[in-house]
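Here is coords.pdb, consisting of PDB, C-alpha atoms, pLDDT in the B column:
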ATOM      1  CA  MET A  18       0.000   0.000   0.000  1.00 94.00           C
ATOM      2  CA  ASN A  19       0.988   3.608  -0.524  1.00 97.00           C
ATOM      3  CA  ILE A  20       1.198   5.926   2.480  1.00 98.00           C
ATOM      4  CA  LEU A  21       1.416   9.647   1.734  1.00 98.00           C
ATOM      5  CA  VAL A  22       2.516  12.108   4.431  1.00 98.00           C
ATOM      6  CA  VAL A  23       1.916  15.817   3.836  1.00 98.00           C
ATOM      7  CA  GLU A  24       3.371  18.300   6.330  1.00 97.00           C
ATOM      8  CA  ASP A  25       4.650  21.837   5.748  1.00 96.00           C
ATOM      9  CA  GLU A  26       7.091  21.853   8.674  1.00 96.00           C
ATOM     10  CA  ALA A  27      10.267  20.211   7.338  1.00 96.00           C
ATOM     11  CA  VAL A  28      11.428  18.808  10.686  1.00 96.00           C
ATOM     12  CA  ALA A  29       7.986  17.382  11.490  1.00 95.00           C
ATOM     13  CA  LEU A  30       7.751  15.825   8.004  1.00 97.00           C
ATOM     14  CA  GLU A  31      11.159  14.214   8.415  1.00 97.00           C
ATOM     15  CA  GLU A  32      10.205  12.815  11.837  1.00 96.00           C
ATOM     16  CA  LEU A  33       6.921  11.364  10.567  1.00 97.00           C
ATOM     17  CA  VAL A  34       8.575   9.742   7.552  1.00 97.00           C
ATOM     18  CA  ASP A  35      11.281   8.352   9.822  1.00 97.00           C
ATOM     19  CA  LEU A  36       8.657   6.843  12.160  1.00 97.00           C
ATOM     20  CA  LEU A  37       6.831   5.304   9.197  1.00 98.00           C
ATOM     21  CA  LYS A  38       9.953   3.365   8.203  1.00 97.00           C
ATOM     22  CA  THR A  39       8.555   0.748  10.603  1.00 95.00           C
ATOM     23  CA  PHE A  40       6.041  -0.077   7.844  1.00 97.00           C
ATOM     24  CA  GLU A  41       8.463   0.143   4.894  1.00 95.00           C
ATOM     25  CA  SER A  42       8.841  -3.614   4.472  1.00 95.00           C
ATOM     26  CA  ARG A  43       5.183  -3.929   3.393  1.00 94.00           C
ATOM     27  CA  HIS A  44       4.219  -0.416   2.294  1.00 96.00           C
ATOM     28  CA  ARG A  45       5.674   2.462   0.267  1.00 98.00           C
ATOM     29  CA  ILE A  46       6.135   5.767   2.065  1.00 98.00           C
ATOM     30  CA  TRP A  47       5.794   9.037   0.127  1.00 98.00           C
ATOM     31  CA  SER A  48       5.983  12.617   1.374  1.00 98.00           C
ATOM     32  CA  ALA A  49       5.182  16.143   0.242  1.00 98.00           C
ATOM     33  CA  PRO A  50       5.967  19.528   1.831  1.00 97.00           C
ATOM     34  CA  ASN A  51       2.513  21.089   1.261  1.00 97.00           C
ATOM     35  CA  GLY A  52      -1.031  20.375   0.141  1.00 97.00           C
ATOM     36  CA  VAL A  53      -0.547  21.425  -3.479  1.00 97.00           C
ATOM     37  CA  GLU A  54       2.466  19.131  -3.921  1.00 97.00           C
ATOM     38  CA  GLY A  55       0.681  16.450  -1.926  1.00 97.00           C
ATOM     39  CA  LEU A  56      -2.274  16.502  -4.322  1.00 97.00           C
ATOM     40  CA  LYS A  57       0.002  16.265  -7.373  1.00 97.00           C
ATOM     41  CA  LEU A  58       1.760  13.297  -5.833  1.00 98.00           C
ATOM     42  CA  ALA A  59      -1.534  11.694  -4.758  1.00 97.00           C
ATOM     43  CA  GLU A  60      -2.832  11.848  -8.327  1.00 96.00           C
ATOM     44  CA  ARG A  61       0.219   9.891  -9.424  1.00 97.00           C
ATOM     45  CA  ILE A  62       0.657   7.330  -6.628  1.00 97.00           C
ATOM     46  CA  LYS A  63      -2.990   6.871  -5.552  1.00 97.00           C
ATOM     47  CA  PRO A  64      -2.418   6.651  -1.781  1.00 98.00           C
ATOM     48  CA  ASP A  65      -4.235   4.142   0.356  1.00 97.00           C
ATOM     49  CA  LEU A  66      -3.508   6.166   3.498  1.00 98.00           C
ATOM     50  CA  LEU A  67      -3.075   9.944   3.635  1.00 98.00           C
ATOM     51  CA  ILE A  68      -1.534  11.482   6.748  1.00 98.00           C
ATOM     52  CA  THR A  69      -1.760  15.245   6.623  1.00 97.00           C
ATOM     53  CA  ASP A  70      -1.281  18.344   8.699  1.00 95.00           C
ATOM     54  CA  ILE A  71      -4.377  20.546   8.713  1.00 92.00           C
ATOM     55  CA  ARG A  72      -3.013  24.078   8.562  1.00 91.00           C
ATOM     56  CA  MET A  73      -0.736  24.515   5.563  1.00 93.00           C
ATOM     57  CA  PRO A  74      -0.278  27.383   3.121  1.00 91.00           C
ATOM     58  CA  GLY A  75      -1.845  27.051  -0.326  1.00 92.00           C
ATOM     59  CA  MET A  76      -4.064  24.055   0.371  1.00 96.00           C
ATOM     60  CA  ASP A  77      -4.914  22.931   3.874  1.00 93.00           C
ATOM     61  CA  GLY A  78      -5.266  19.303   4.952  1.00 94.00           C
ATOM     62  CA  ILE A  79      -9.075  19.344   4.824  1.00 94.00           C
ATOM     63  CA  GLU A  80      -9.033  20.574   1.212  1.00 96.00           C
ATOM     64  CA  LEU A  81      -6.393  17.977   0.396  1.00 96.00           C
ATOM     65  CA  ILE A  82      -8.426  15.095   1.828  1.00 96.00           C
ATOM     66  CA  ARG A  83     -11.531  16.324   0.001  1.00 95.00           C
ATOM     67  CA  ALA A  84      -9.637  16.518  -3.325  1.00 97.00           C
ATOM     68  CA  VAL A  85      -7.975  13.109  -2.904  1.00 97.00           C
ATOM     69  CA  LYS A  86     -11.257  11.437  -1.925  1.00 95.00           C
ATOM     70  CA  GLU A  87     -12.936  12.955  -4.984  1.00 94.00           C
ATOM     71  CA  CYS A  88     -10.614  10.932  -7.211  1.00 91.00           C
ATOM     72  CA  ARG A  89     -10.060   8.015  -4.854  1.00 94.00           C
ATOM     73  CA  PRO A  90     -12.860   7.661  -2.264  1.00 93.00           C
ATOM     74  CA  GLU A  91     -11.322   4.553  -0.688  1.00 93.00           C
ATOM     75  CA  THR A  92      -8.268   6.509   0.538  1.00 95.00           C
ATOM     76  CA  GLU A  93      -8.205   6.675   4.335  1.00 96.00           C
ATOM     77  CA  ALA A  94      -6.923   9.754   6.137  1.00 96.00           C
ATOM     78  CA  ILE A  95      -5.357  10.696   9.449  1.00 96.00           C
ATOM     79  CA  LEU A  96      -5.310  14.388  10.391  1.00 94.00           C
ATOM     80  CA  ILE A  97      -2.539  16.020  12.382  1.00 93.00           C
ATOM     81  CA  SER A  98      -2.745  19.453  13.946  1.00 88.00           C
ATOM     82  CA  GLY A  99      -1.002  21.663  16.421  1.00 84.00           C
ATOM     83  CA  HIS A 100      -4.346  23.346  17.099  1.00 78.00           C
ATOM     84  CA  ASP A 101      -7.088  21.859  19.228  1.00 76.00           C
ATOM     85  CA  ASP A 102      -9.859  23.226  17.004  1.00 74.00           C
ATOM     86  CA  PHE A 103     -13.175  21.370  17.120  1.00 74.00           C
ATOM     87  CA  GLU A 104     -14.212  22.721  13.709  1.00 79.00           C
ATOM     88  CA  TYR A 105     -11.251  20.979  12.043  1.00 74.00           C
ATOM     89  CA  ALA A 106     -11.994  17.758  13.870  1.00 75.00           C
ATOM     90  CA  ARG A 107     -15.658  17.967  12.798  1.00 80.00           C
ATOM     91  CA  GLU A 108     -14.716  18.528   9.157  1.00 84.00           C
ATOM     92  CA  GLY A 109     -12.295  15.618   9.359  1.00 78.00           C
ATOM     93  CA  LEU A 110     -15.035  13.368  10.705  1.00 77.00           C
ATOM     94  CA  GLN A 111     -17.353  14.442   7.877  1.00 84.00           C
ATOM     95  CA  LEU A 112     -14.645  13.349   5.429  1.00 85.00           C
ATOM     96  CA  ARG A 113     -14.435  10.014   7.307  1.00 85.00           C
ATOM     97  CA  ALA A 114     -10.904  10.614   8.602  1.00 88.00           C
ATOM     98  CA  LYS A 115      -9.681   7.680  10.698  1.00 88.00           C
ATOM     99  CA  ASP A 116      -8.229   9.859  13.440  1.00 90.00           C
ATOM    100  CA  TYR A 117      -7.262  13.366  14.536  1.00 89.00           C
ATOM    101  CA  LEU A 118      -3.910  13.602  16.323  1.00 92.00           C
ATOM    102  CA  LEU A 119      -2.710  16.673  18.183  1.00 90.00           C
ATOM    103  CA  LYS A 120       0.912  17.809  18.066  1.00 89.00           C
ATOM    104  CA  PRO A 121       3.207  17.064  19.707  1.00 91.00           C
ATOM    105  CA  ILE A 122       2.380  13.517  18.713  1.00 91.00           C
ATOM    106  CA  ARG A 123       3.585  10.674  20.874  1.00 95.00           C
ATOM    107  CA  ASN A 124       5.455   8.170  18.706  1.00 96.00           C
ATOM    108  CA  LYS A 125       3.628   5.172  20.143  1.00 97.00           C
ATOM    109  CA  THR A 126       0.205   6.764  19.572  1.00 96.00           C
ATOM    110  CA  PHE A 127       1.114   7.700  15.999  1.00 97.00           C
ATOM    111  CA  LEU A 128       2.406   4.222  15.143  1.00 97.00           C
ATOM    112  CA  GLU A 129      -0.611   2.524  16.727  1.00 97.00           C
ATOM    113  CA  THR A 130      -2.988   4.805  14.797  1.00 96.00           C
ATOM    114  CA  VAL A 131      -1.241   4.129  11.483  1.00 97.00           C
ATOM    115  CA  ASP A 132      -1.040   0.392  12.165  1.00 97.00           C
ATOM    116  CA  LYS A 133      -4.760   0.248  12.960  1.00 96.00           C
ATOM    117  CA  ALA A 134      -5.668   2.152   9.768  1.00 96.00           C
ATOM    118  CA  LEU A 135      -3.459  -0.124   7.641  1.00 96.00           C
ATOM    119  CA  ARG A 136      -4.917  -3.284   9.198  1.00 95.00           C
ATOM    120  CA  GLU A 137      -8.450  -2.030   8.523  1.00 94.00           C
ATOM    121  CA  LEU A 138      -7.534  -1.216   4.909  1.00 93.00           C
ATOM    122  CA  GLU A 139      -5.989  -4.667   4.417  1.00 92.00           C
ATOM    123  CA  SER A 140      -9.050  -6.347   5.920  1.00 90.00           C
ATOM    124  CA  LEU A 141     -11.380  -4.359   3.666  1.00 84.00           C
ATOM    125  CA  ARG A 142      -9.310  -5.225   0.589  1.00 82.00           C
ATOM    126  CA  LEU A 143      -9.336  -8.911   1.467  1.00 80.00           C
ATOM    127  CA  SER A 144     -13.085  -8.830   2.004  1.00 75.00           C
ATOM    128  CA  LYS A 145     -13.682  -7.116  -1.366  1.00 74.00           C
ATOM    129  CA  HIS A 146     -11.368  -9.606  -3.075  1.00 66.00           C
ATOM    130  CA  ARG A 147     -13.240 -12.555  -1.572  1.00 72.00           C
ATOM    131  CA  SER A 148     -16.593 -11.059  -2.583  1.00 70.00           C
ATOM    132  CA  MET A 149     -15.393 -10.643  -6.157  1.00 69.00           C
ATOM    133  CA  GLU A 150     -14.042 -14.205  -6.245  1.00 69.00           C
ATOM    134  CA  TRP A 151     -17.372 -15.544  -5.007  1.00 69.00           C
ATOM    135  CA  ALA A 152     -19.271 -13.467  -7.584  1.00 66.00           C
ATOM    136  CA  LEU A 153     -16.956 -14.845 -10.319  1.00 64.00           C
ATOM    137  CA  ILE A 154     -17.621 -18.427  -9.233  1.00 65.00           C
ATOM    138  CA  LYS A 155     -21.364 -17.860  -9.153  1.00 66.00           C
ATOM    139  CA  MET A 156     -21.353 -16.216 -12.575  1.00 63.00           C
ATOM    140  CA  LEU A 157     -19.227 -18.961 -14.142  1.00 63.00           C
ATOM    141  CA  ASN A 158     -21.684 -21.513 -12.796  1.00 65.00           C
ATOM    142  CA  GLY A 159     -24.641 -19.542 -14.148  1.00 63.00           C
ATOM    143  CA  TYR A 160     -26.138 -18.730 -10.760  1.00 57.00           C
ATOM    144  CA  ASP A 161     -25.918 -14.981 -10.719  1.00 56.00           C
ATOM    145  CA  GLY A 162     -25.333 -11.935 -12.904  1.00 57.00           C
ATOM    146  CA  GLU A 163     -23.865  -9.809 -10.080  1.00 56.00           C
ATOM    147  CA  LEU A 164     -20.637  -9.024 -11.942  1.00 54.00           C
ATOM    148  CA  GLU A 165     -22.526  -8.128 -15.077  1.00 60.00           C
ATOM    149  CA  ARG A 166     -24.780  -5.729 -13.170  1.00 62.00           C
ATOM    150  CA  GLU A 167     -22.094  -4.262 -10.924  1.00 61.00           C
ATOM    151  CA  TYR A 168     -18.997  -4.263 -13.163  1.00 58.00           C
ATOM    152  CA  GLY A 169     -20.389  -4.653 -16.695  1.00 59.00           C
ATOM    153  CA  MET A 170     -18.565  -7.983 -17.118  1.00 58.00           C
ATOM    154  CA  ASN A 171     -20.158 -10.774 -19.144  1.00 57.00           C
ATOM    155  CA  ARG A 172     -19.393 -14.502 -18.929  1.00 54.00           C
ATOM    156  CA  ALA A 173     -16.700 -14.407 -21.613  1.00 53.00           C
ATOM    157  CA  MET A 174     -14.889 -11.582 -19.811  1.00 58.00           C
ATOM    158  CA  VAL A 175     -15.161 -13.445 -16.504  1.00 54.00           C
ATOM    159  CA  LEU A 176     -13.698 -16.568 -18.086  1.00 51.00           C
ATOM    160  CA  ILE A 177     -10.781 -14.580 -19.534  1.00 58.00           C
ATOM    161  CA  VAL A 178     -10.136 -12.861 -16.186  1.00 55.00           C
ATOM    162  CA  SER A 179     -10.302 -16.237 -14.395  1.00 54.00           C
ATOM    163  CA  VAL A 180      -7.913 -17.963 -16.791  1.00 51.00           C
ATOM    164  CA  PHE A 181      -5.348 -15.173 -16.894  1.00 52.00           C
ATOM    165  CA  GLY A 182      -5.681 -14.507 -13.176  1.00 55.00           C
ATOM    166  CA  ASN A 183      -4.628 -18.092 -12.460  1.00 52.00           C
ATOM    167  CA  ILE A 184      -1.654 -18.295 -14.825  1.00 46.00           C
TER     168      ILE A 184
END
Kindly transcribe the structure held in the file into structure tokens.
Amino acid sequence: MNILVVEDEAVALEELVDLLKTFESRHRIWSAPNGVEGLKLAERIKPDLLITDIRMPGMDGIELIRAVKECRPETEAILISGHDDFEYAREGLQLRAKDYLLKPIRNKTFLETVDKALRELESLRLSKHRSMEWALIKMLNGYDGELEREYGMNRAMVLIVSVFGNI
């Protein structure tokens, strides 16, 4: 999975990226110094998890999450802020952010929050994969047209996907 960290304070960005190296064996870590650069990078790498500061010049973290979720609604987000502002937290919740962490962030809390978000994403992916496999089996056996209705796939396409998916 791709994890994107967006933070305008250089030292804070470096610390967050350094902490995330814990997850580097299974996930790719990307970083950007502001919301505008973060959005450009997000369009290219399609992050699974976005960790962003809220108050940044140019584009704040709320705008960034909104823009990323427009293109990729399944992206999860964690908000970070040095300001205990309920309005930001409320907006984050409306955008379905996983958490809202206040600076200074305790390393253990940060790592636990990221780990929990990644585990939930992996579980959701596995569940979707299993659902698709089951729908493929049912369609191949003529029981259901779920894939045709939901994904526009007909039996021939399903057969091709099944054969090439198992090579």
>> Could you tell me, as a ChimeraX atom specification, exactly which residues end up selected when the PyMOL selection byres ((chain A and resi 48) around 6) is applied to this structure?
In response: /A:21-23,47,49
> Written as a list in words, what is the full residue list that the PyMOL selection byres ((chain A and resi 44) around 9) yields on the file shown?
Replying inline: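 Those residues are Met18, Asn19, Ile20, Phe40, Glu41, Ser42, Arg43, Arg45 and Ile46 of chain A.
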Residues just named, written with C-alpha atoms as a short mmCIF file (atom, residue, chain, number, x, y, z; two decimals), in the coordinates of the input:
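That gives us selection_13.cif:
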data_model
loop_
_atom_site.label_atom_id
_atom_site.label_comp_id
_atom_site.auth_asym_id
_atom_site.auth_seq_id
_atom_site.Cartn_x
_atom_site.Cartn_y
_atom_site.Cartn_z
CA MET A 18 0.00 0.00 0.00
CA ASN A 19 0.99 3.61 -0.52
CA ILE A 20 1.20 5.93 2.48
CA PHE A 40 6.04 -0.08 7.84
CA GLU A 41 8.46 0.14 4.89
CA SER A 42 8.84 -3.61 4.47
CA ARG A 43 5.18 -3.93 3.39
CA ARG A 45 5.67 2.46 0.27
CA ILE A 46 6.14 5.77 2.06
#
Quick one: everything within 6 Å of segment 97-99 of chain A, counting only C-alpha atoms, minus sequence neighbours fewer than 2 positions away in the same chain. Send it as a PDB file with C-alpha atoms, keeping the file's coordinate frame.
ATOM      1  CA  THR A  69      -1.760  15.245   6.623  1.00 97.00           C
ATOM      2  CA  ASP A  70      -1.281  18.344   8.699  1.00 95.00           C
ATOM      3  CA  ILE A  71      -4.377  20.546   8.713  1.00 92.00           C
ATOM      4  CA  TYR A 117      -7.262  13.366  14.536  1.00 89.00           C
ATOM      5  CA  LEU A 118      -3.910  13.602  16.323  1.00 92.00           C
ATOM      6  CA  LEU A 119      -2.710  16.673  18.183  1.00 90.00           C
ATOM      7  CA  LYS A 120       0.912  17.809  18.066  1.00 89.00           C
TER       8      LYS A 120
END
> Given the choices A:Glu60, A:Glu104, A:Asp132, A:Glu26, which gets closest to Ile79 of chain A if the distance is worked out from only C-alpha atoms?
Replying inline: A:Glu104
> Any idea what the distance is between atom CA of Ile95 of chain A and atom CA of Leu37 of chain A?
Replying inline: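 A separation of 13.3 Å between them.
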> Which polymer residues have any atom within 9 Å of an atom of Leu112 of chain A, counting only C-alpha atoms, with same-chain residues fewer than 5 positions away left out, as a ChimeraX atom specification?
Replying inline: /A:79,82-83,86,94,107
>> Measuring between only C-alpha atoms, which one of A:Arg113, A:Asp35, A:Leu30, A:Glu91 shows the shortest distance to Leu141 of chain A?
In response: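 For Leu141 of chain A, the nearest of the given residues is A:Glu91.
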>> Using Å and a single decimal, report how far atom CA of Lys115 of chain A sits from atom CA of Val85 of chain A.
In response: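 Between these atoms lies a distance of 14.7 Å.
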>> Quick check, in Å to one decimal: how far apart do atom CA of Glu31 of chain A and atom CA of Ala134 of chain A lie?
In response: 20.7 Å
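Comparing A:Pro121, A:Asp77, A:Lys38, A:Arg89 by their smallest distance to Ile62 of chain A, the closest is A:Arg89 (using all atoms listed in the file).
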> Can you list, as a list in words, the residues that the PyMOL selection byres ((chain A and resi 25) around 7) selects here?
Replying inline: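 Residues picked by the PyMOL selection byres ((chain A and resi 25) around 7): Val23, Glu24, Glu26, Ala27, Pro50, Asn51 and Met73 of chain A.
Considering the residues A:Val28, A:Leu36, A:Arg72, A:Ala84 and counting all atoms listed in the file, Asp102 of chain A has its shortest atom-to-atom contact with A:Arg72.
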Taking all atoms of segment 33-52 of chain A that the file lists and extending 8 Å past them on each side, where is the centre of the axis-aligned box and how long are its edges? Answer in Å to one decimal, as JSON.
{"center_x": 5.1, "center_y": 8.6, "center_z": 6.1, "size_x": 28.3, "size_y": 41.0, "size_z": 28.0}
>> Let me make sure I understand: among A:Glu32, A:Asp101, A:Glu93, A:Glu80, which one has the smallest atom-to-atom distance to Thr130 of chain A if we use all atoms listed in the file?
In response: A:Glu93
